[in-house]
Amino acid sequence: MRIAIVKLSAMGDIVHAMTALQFIKQALPHTHVDWVVEEGFAGVLENNLHIDRILPVNLKVLKKDKSKLLSEIKRIRFYAENKYDMVIDAQGLIKSAIVSRMLGSSRGFDRNSTREKAASWLYKQSFSIPYE
């Protein structure tokens, strides 16, 4: 099985999300796990034994330079050639939902479990995660 996790930024959020890796690998030890992350945070994921490949993106640059949009789309489409069985959007934002959707069979938070409710429209399957 091939899984891609999309958690793009916020160092603390990335560190918290990494705990899920041990459970994935425990339940499915032969699963190949890739992680899509903003280039600036890729170092946080280095040397994690549960991650097979770190796939950097540079979406933050799009705020300053819109001309980079096509190159980032091309990069994500290249990553999608890995034919993931499951893509988990652990971020729950519209930009991470778009990346997840482009990668394949995306899953994420339902509209009541995320800050940006529109993100839930982009998932093949969504889940309710109560804040408490």
# chains A, B, ... in the order shown; residues from 1 in each chain; ligands from 1
call {"tool": "select_by_dssp", "arguments": {"residues": "range 38-124 of chain A", "states": "strand (DSSP E)", "output": "PyMOL selection string"}}
result
chain A and resi 38+53-57+84-89+104-109
call {"tool": "write_last_selection", "arguments": {"atoms": "N, CA, C and O atoms", "output": "tab-separated table (two decimals), in the first residue's frame"}}
result
chain	number	residue	atom	x	y	z
A	38	GLU	N	5.89	21.75	2.96
A	38	GLU	CA	6.56	22.95	2.45
A	38	GLU	C	8.07	22.78	2.58
A	38	GLU	O	8.55	22.24	3.58
A	53	ARG	N	9.69	8.80	1.83
A	53	ARG	CA	10.16	9.93	1.03
A	53	ARG	C	9.50	11.22	1.50
A	53	ARG	O	8.30	11.24	1.77
A	54	ILE	N	10.28	12.26	1.56
A	54	ILE	CA	9.76	13.60	1.84
A	54	ILE	C	9.61	14.29	0.49
A	54	ILE	O	10.56	14.36	-0.29
A	55	LEU	N	8.41	14.79	0.22
A	55	LEU	CA	8.10	15.43	-1.06
A	55	LEU	C	7.85	16.91	-0.82
A	55	LEU	O	6.75	17.31	-0.40
A	56	PRO	N	8.84	17.75	-1.08
A	56	PRO	CA	8.68	19.18	-0.81
A	56	PRO	C	7.87	19.91	-1.88
A	56	PRO	O	7.91	19.54	-3.06
A	57	VAL	N	7.13	20.90	-1.44
A	57	VAL	CA	6.45	21.84	-2.33
A	57	VAL	C	6.81	23.25	-1.86
A	57	VAL	O	7.29	23.43	-0.75
A	84	TYR	N	-0.90	6.79	-5.38
A	84	TYR	CA	-1.18	6.50	-3.97
A	84	TYR	C	-2.52	5.81	-3.81
A	84	TYR	O	-3.50	6.16	-4.45
A	85	ASP	N	-2.54	4.83	-2.92
A	85	ASP	CA	-3.79	4.15	-2.57
A	85	ASP	C	-4.63	5.03	-1.67
A	85	ASP	O	-5.85	4.94	-1.65
A	86	MET	N	-3.95	5.87	-0.89
A	86	MET	CA	-4.63	6.75	0.04
A	86	MET	C	-3.80	8.01	0.23
A	86	MET	O	-2.58	7.94	0.35
A	87	VAL	N	-4.49	9.13	0.26
A	87	VAL	CA	-3.86	10.42	0.54
A	87	VAL	C	-4.57	11.00	1.74
A	87	VAL	O	-5.80	11.17	1.72
A	88	ILE	N	-3.83	11.29	2.79
A	88	ILE	CA	-4.41	11.82	4.03
A	88	ILE	C	-4.03	13.29	4.16
A	88	ILE	O	-2.86	13.62	4.28
A	89	ASP	N	-5.03	14.14	4.14
A	89	ASP	CA	-4.80	15.56	4.39
A	89	ASP	C	-4.91	15.78	5.89
A	89	ASP	O	-6.00	15.85	6.44
A	104	GLY	N	-4.49	12.14	-5.47
A	104	GLY	CA	-5.26	10.91	-5.64
A	104	GLY	C	-6.42	10.79	-4.68
A	104	GLY	O	-7.11	11.74	-4.40
A	105	SER	N	-6.59	9.62	-4.14
A	105	SER	CA	-7.73	9.26	-3.31
A	105	SER	C	-7.63	9.92	-1.94
A	105	SER	O	-7.21	9.32	-0.96
A	106	SER	N	-8.08	11.19	-1.87
A	106	SER	CA	-7.86	11.98	-0.67
A	106	SER	C	-8.91	11.78	0.41
A	106	SER	O	-10.09	11.56	0.13
A	107	ARG	N	-8.43	11.88	1.63
A	107	ARG	CA	-9.28	11.81	2.81
A	107	ARG	C	-8.89	12.95	3.73
A	107	ARG	O	-7.73	13.33	3.80
A	108	GLY	N	-9.89	13.47	4.46
A	108	GLY	CA	-9.60	14.57	5.36
A	108	GLY	C	-10.75	14.80	6.31
A	108	GLY	O	-11.64	13.97	6.46
A	109	PHE	N	-10.73	15.96	6.94
A	109	PHE	CA	-11.72	16.31	7.94
A	109	PHE	C	-13.05	16.71	7.31
A	109	PHE	O	-13.07	17.30	6.23
call {"tool": "select_by_dssp", "arguments": {"residues": "chain A", "states": "helix (DSSP H, G or I)", "output": "JSON, numbers by chain"}}
result
{"A": [11, 12, 13, 14, 15, 16, 17, 18, 19, 20, 21, 22, 23, 24, 25, 26, 27, 39, 40, 41, 42, 43, 44, 45, 60, 61, 62, 63, 66, 67, 68, 69, 70, 71, 72, 73, 74, 75, 76, 77, 78, 79, 80, 94, 95, 96, 97, 98, 99, 100, 101, 102, 103, 117, 118, 119, 120, 121, 122]}
call {"tool": "residues_around", "arguments": {"residues": "Ile14 in chain A", "least_positions_apart": "4", "cutoff": "10 Å", "atoms": "only C-alpha atoms", "output": "list in words"}}
result
Val6, Lys7, Leu8, Ser9, Ala10, Met18, Thr19, Val37, Phe41, Ala42, Val44, Leu45, Ala90 and Gln91 of chain A
call {"tool": "write_last_selection", "arguments": {"atoms": "all heavy atoms", "output": "CSV table (one decimal), in the first residue's frame"}}
result
chain,number,residue,atom,x,y,z
A,6,VAL,N,-0.3,14.7,3.7
A,6,VAL,CA,-0.1,16.1,3.4
A,6,VAL,C,-0.3,16.9,4.6
A,6,VAL,O,-1.4,17.0,5.2
A,6,VAL,CB,-1.2,16.5,2.3
A,6,VAL,CG1,-1.0,18.0,2.0
A,6,VAL,CG2,-1.0,15.7,1.0
A,7,LYS,N,0.8,17.4,5.1
A,7,LYS,CA,0.8,18.3,6.3
A,7,LYS,C,1.9,19.3,5.9
A,7,LYS,O,3.1,19.0,6.0
A,7,LYS,CB,1.1,17.6,7.6
A,7,LYS,CG,1.0,18.4,8.8
A,7,LYS,CD,-0.4,18.7,9.1
A,7,LYS,CE,-0.5,19.2,10.6
A,7,LYS,NZ,-1.9,19.6,10.9
A,8,LEU,N,1.5,20.4,5.4
A,8,LEU,CA,2.4,21.3,4.7
A,8,LEU,C,3.3,22.2,5.6
A,8,LEU,O,4.4,22.4,5.3
A,8,LEU,CB,1.6,22.2,3.7
A,8,LEU,CG,0.8,21.5,2.7
A,8,LEU,CD1,-0.1,22.5,1.9
A,8,LEU,CD2,1.7,20.8,1.7
A,9,SER,N,2.7,22.7,6.7
A,9,SER,CA,3.5,23.6,7.4
A,9,SER,C,3.0,23.7,8.9
A,9,SER,O,2.1,22.9,9.3
A,9,SER,CB,3.4,25.0,6.8
A,9,SER,OG,2.1,25.5,6.8
A,10,ALA,N,3.6,24.6,9.6
A,10,ALA,CA,3.5,24.8,11.0
A,10,ALA,C,4.2,23.7,11.8
A,10,ALA,O,3.7,22.6,11.9
A,10,ALA,CB,2.0,24.9,11.5
A,18,MET,N,3.3,13.6,13.1
A,18,MET,CA,4.2,12.5,12.9
A,18,MET,C,3.9,11.3,13.9
A,18,MET,O,4.3,10.2,13.5
A,18,MET,CB,5.7,13.0,13.2
A,18,MET,CG,6.2,13.7,12.0
A,18,MET,SD,8.0,13.9,12.0
A,18,MET,CE,8.3,14.9,13.5
A,19,THR,N,3.2,11.6,15.0
A,19,THR,CA,2.9,10.5,15.9
A,19,THR,C,2.0,9.4,15.2
A,19,THR,O,2.1,8.3,15.5
A,19,THR,CB,2.3,11.0,17.2
A,19,THR,OG1,1.1,11.6,16.9
A,19,THR,CG2,3.2,11.9,17.9
A,37,VAL,N,5.3,18.3,2.1
A,37,VAL,CA,5.5,19.4,3.1
A,37,VAL,C,6.1,20.6,2.4
A,37,VAL,O,6.8,20.4,1.4
A,37,VAL,CB,6.5,18.8,4.2
A,37,VAL,CG1,7.8,18.5,3.7
A,37,VAL,CG2,6.5,19.8,5.4
A,41,PHE,N,10.0,23.4,5.8
A,41,PHE,CA,9.8,22.5,7.0
A,41,PHE,C,10.2,21.0,6.7
A,41,PHE,O,10.1,20.2,7.6
A,41,PHE,CB,8.3,22.5,7.4
A,41,PHE,CG,7.8,23.8,7.9
A,41,PHE,CD1,7.1,24.7,7.1
A,41,PHE,CD2,8.1,24.1,9.2
A,41,PHE,CE1,6.7,25.9,7.6
A,41,PHE,CE2,7.7,25.3,9.7
A,41,PHE,CZ,7.0,26.2,8.9
A,42,ALA,N,10.8,20.8,5.6
A,42,ALA,CA,11.2,19.4,5.2
A,42,ALA,C,12.2,18.9,6.2
A,42,ALA,O,12.2,17.7,6.5
A,42,ALA,CB,11.8,19.4,3.8
A,44,VAL,N,12.3,19.1,9.3
A,44,VAL,CA,11.7,18.5,10.5
A,44,VAL,C,11.4,17.1,10.3
A,44,VAL,O,11.5,16.3,11.3
A,44,VAL,CB,10.4,19.3,10.8
A,44,VAL,CG1,9.6,18.7,12.0
A,44,VAL,CG2,10.6,20.8,11.0
A,45,LEU,N,11.2,16.6,9.1
A,45,LEU,CA,10.8,15.2,8.8
A,45,LEU,C,12.0,14.3,8.6
A,45,LEU,O,11.9,13.1,8.5
A,45,LEU,CB,9.9,15.2,7.6
A,45,LEU,CG,8.6,15.9,7.8
A,45,LEU,CD1,7.8,16.0,6.5
A,45,LEU,CD2,7.7,15.3,8.9
A,90,ALA,N,-3.8,15.9,6.5
A,90,ALA,CA,-3.8,16.1,8.0
A,90,ALA,C,-3.8,17.6,8.3
A,90,ALA,O,-3.7,17.9,9.5
A,90,ALA,CB,-2.5,15.4,8.6
A,91,GLN,N,-3.8,18.5,7.3
A,91,GLN,CA,-3.8,19.9,7.6
A,91,GLN,C,-5.2,20.5,7.7
A,91,GLN,O,-5.5,21.2,8.6
A,91,GLN,CB,-3.1,20.6,6.4
A,91,GLN,CG,-2.7,22.0,6.7
A,91,GLN,CD,-1.4,22.2,7.3
A,91,GLN,OE1,-0.5,21.5,6.9
A,91,GLN,NE2,-1.2,23.1,8.2
call {"tool": "closest_residue", "arguments": {"among": "A:Ile3, A:Ala97, A:Leu103, A:Met11", "to": "Leu28 in chain A", "atoms": "only C-alpha atoms"}}
result
A:Ile3
call {"tool": "atom_distance", "arguments": {"atom1": "CA of Arg2 in chain A", "atom2": "CA of Arg75 in chain A"}}
result
18.3 Å
call {"tool": "closest_residue", "arguments": {"among": "A:Ile73, A:Ala4, A:Gly43, A:Trp35", "to": "Lys95 in chain A", "atoms": "only C-alpha atoms"}}
result
A:Ile73
call {"tool": "residues_around", "arguments": {"residues": "Asn58 in chain A", "least_positions_apart": "3", "cutoff": "8 Å", "atoms": "only C-alpha atoms", "output": "list in words"}}
result
Glu38, Glu39, Val61, Leu62 and Glu72 of chain A
call {"tool": "write_last_selection", "arguments": {"atoms": "all heavy atoms", "output": "compact mmCIF listing (two decimals), in the first residue's frame"}}
result
# COMPACT_ATOMS: atom_id res chain seq x y z
N GLU A 38 5.89 21.75 2.96
CA GLU A 38 6.56 22.95 2.45
C GLU A 38 8.07 22.78 2.58
O GLU A 38 8.55 22.24 3.58
CB GLU A 38 6.13 24.19 3.25
CG GLU A 38 4.79 24.76 2.86
CD GLU A 38 4.80 25.50 1.53
OE1 GLU A 38 5.88 25.87 1.03
OE2 GLU A 38 3.70 25.70 1.00
N GLU A 39 8.80 23.24 1.58
CA GLU A 39 10.26 23.09 1.56
C GLU A 39 10.91 23.55 2.86
O GLU A 39 11.82 22.90 3.37
CB GLU A 39 10.86 23.88 0.40
CG GLU A 39 10.61 23.27 -0.94
CD GLU A 39 11.16 24.11 -2.08
OE1 GLU A 39 11.70 25.22 -1.84
OE2 GLU A 39 11.04 23.66 -3.23
N VAL A 61 5.63 30.48 -1.81
CA VAL A 61 6.18 31.43 -2.77
C VAL A 61 5.09 32.04 -3.66
O VAL A 61 5.26 33.12 -4.21
CB VAL A 61 7.29 30.77 -3.63
CG1 VAL A 61 6.70 29.84 -4.69
CG2 VAL A 61 8.17 31.82 -4.28
N LEU A 62 3.96 31.35 -3.79
CA LEU A 62 2.88 31.81 -4.66
C LEU A 62 2.27 33.12 -4.17
O LEU A 62 1.69 33.86 -4.97
CB LEU A 62 1.81 30.74 -4.80
CG LEU A 62 2.29 29.41 -5.41
CD1 LEU A 62 1.15 28.41 -5.46
CD2 LEU A 62 2.88 29.64 -6.79
N GLU A 72 4.67 24.56 -9.64
CA GLU A 72 4.22 23.82 -8.45
C GLU A 72 3.15 22.78 -8.82
O GLU A 72 3.16 21.67 -8.29
CB GLU A 72 3.72 24.77 -7.36
CG GLU A 72 4.82 25.54 -6.68
CD GLU A 72 5.92 24.65 -6.10
OE1 GLU A 72 5.62 23.71 -5.35
OE2 GLU A 72 7.10 24.90 -6.42
call {"tool": "closest_residue", "arguments": {"among": "A:Gln22, A:Arg111, A:Lys66, A:Ala27", "to": "Asn48 in chain A", "atoms": "only C-alpha atoms"}}
result
A:Gln22
call {"tool": "residues_around", "arguments": {"residues": "Thr31 in chain A", "least_positions_apart": "4", "cutoff": "10 Å", "atoms": "only C-alpha atoms", "output": "PyMOL selection string"}}
result
chain A and resi 1-3+24-27+50-52
call {"tool": "write_last_selection", "arguments": {"atoms": "N, CA and C atoms", "output": "PDB file, in the first residue's frame"}}
result
ATOM      1  N   MET A   1       0.843  -1.174   0.000  1.00  0.00           N
ATOM      2  CA  MET A   1       0.000   0.000   0.000  1.00  0.00           C
ATOM      3  C   MET A   1       0.890   1.239   0.000  1.00  0.00           C
ATOM      4  N   ARG A   2       0.442   2.258  -0.724  1.00  0.00           N
ATOM      5  CA  ARG A   2       1.171   3.532  -0.822  1.00  0.00           C
ATOM      6  C   ARG A   2       0.291   4.640  -0.242  1.00  0.00           C
ATOM      7  N   ILE A   3       0.822   5.330   0.757  1.00  0.00           N
ATOM      8  CA  ILE A   3       0.098   6.418   1.415  1.00  0.00           C
ATOM      9  C   ILE A   3       0.903   7.698   1.301  1.00  0.00           C
ATOM     10  N   ILE A  24       0.390   3.840  11.820  1.00  0.00           N
ATOM     11  CA  ILE A  24       0.236   3.357  10.444  1.00  0.00           C
ATOM     12  C   ILE A  24       1.195   2.200  10.204  1.00  0.00           C
ATOM     13  N   LYS A  25       2.455   2.391  10.570  1.00  0.00           N
ATOM     14  CA  LYS A  25       3.465   1.356  10.332  1.00  0.00           C
ATOM     15  C   LYS A  25       3.241   0.127  11.210  1.00  0.00           C
ATOM     16  N   GLN A  26       2.681   0.321  12.396  1.00  0.00           N
ATOM     17  CA  GLN A  26       2.386  -0.818  13.267  1.00  0.00           C
ATOM     18  C   GLN A  26       1.264  -1.668  12.661  1.00  0.00           C
ATOM     19  N   ALA A  27       0.227  -1.008  12.167  1.00  0.00           N
ATOM     20  CA  ALA A  27      -0.910  -1.733  11.599  1.00  0.00           C
ATOM     21  C   ALA A  27      -0.606  -2.285  10.210  1.00  0.00           C
ATOM     22  N   HIS A  50       9.902   6.197   9.738  1.00  0.00           N
ATOM     23  CA  HIS A  50       8.592   5.791   9.229  1.00  0.00           C
ATOM     24  C   HIS A  50       8.223   6.481   7.921  1.00  0.00           C
ATOM     25  N   ILE A  51       9.035   7.431   7.480  1.00  0.00           N
ATOM     26  CA  ILE A  51       8.763   8.144   6.235  1.00  0.00           C
ATOM     27  C   ILE A  51       9.713   7.626   5.163  1.00  0.00           C
ATOM     28  N   ASP A  52       9.143   7.161   4.072  1.00  0.00           N
ATOM     29  CA  ASP A  52       9.966   6.656   2.976  1.00  0.00           C
ATOM     30  C   ASP A  52      10.529   7.789   2.125  1.00  0.00           C
TER      31      ASP A  52
END
call {"tool": "residues_around", "arguments": {"residues": "range 114-119 of chain A", "least_positions_apart": "2", "cutoff": "7 Å", "atoms": "only C-alpha atoms", "output": "ChimeraX atom specification"}}
result
/A:92-94,97,109-112,121-122
call {"tool": "closest_residue", "arguments": {"among": "A:Asp65, A:Leu21, A:Gln125, A:Glu81", "to": "Leu49 in chain A", "atoms": "only C-alpha atoms"}}
result
A:Leu21
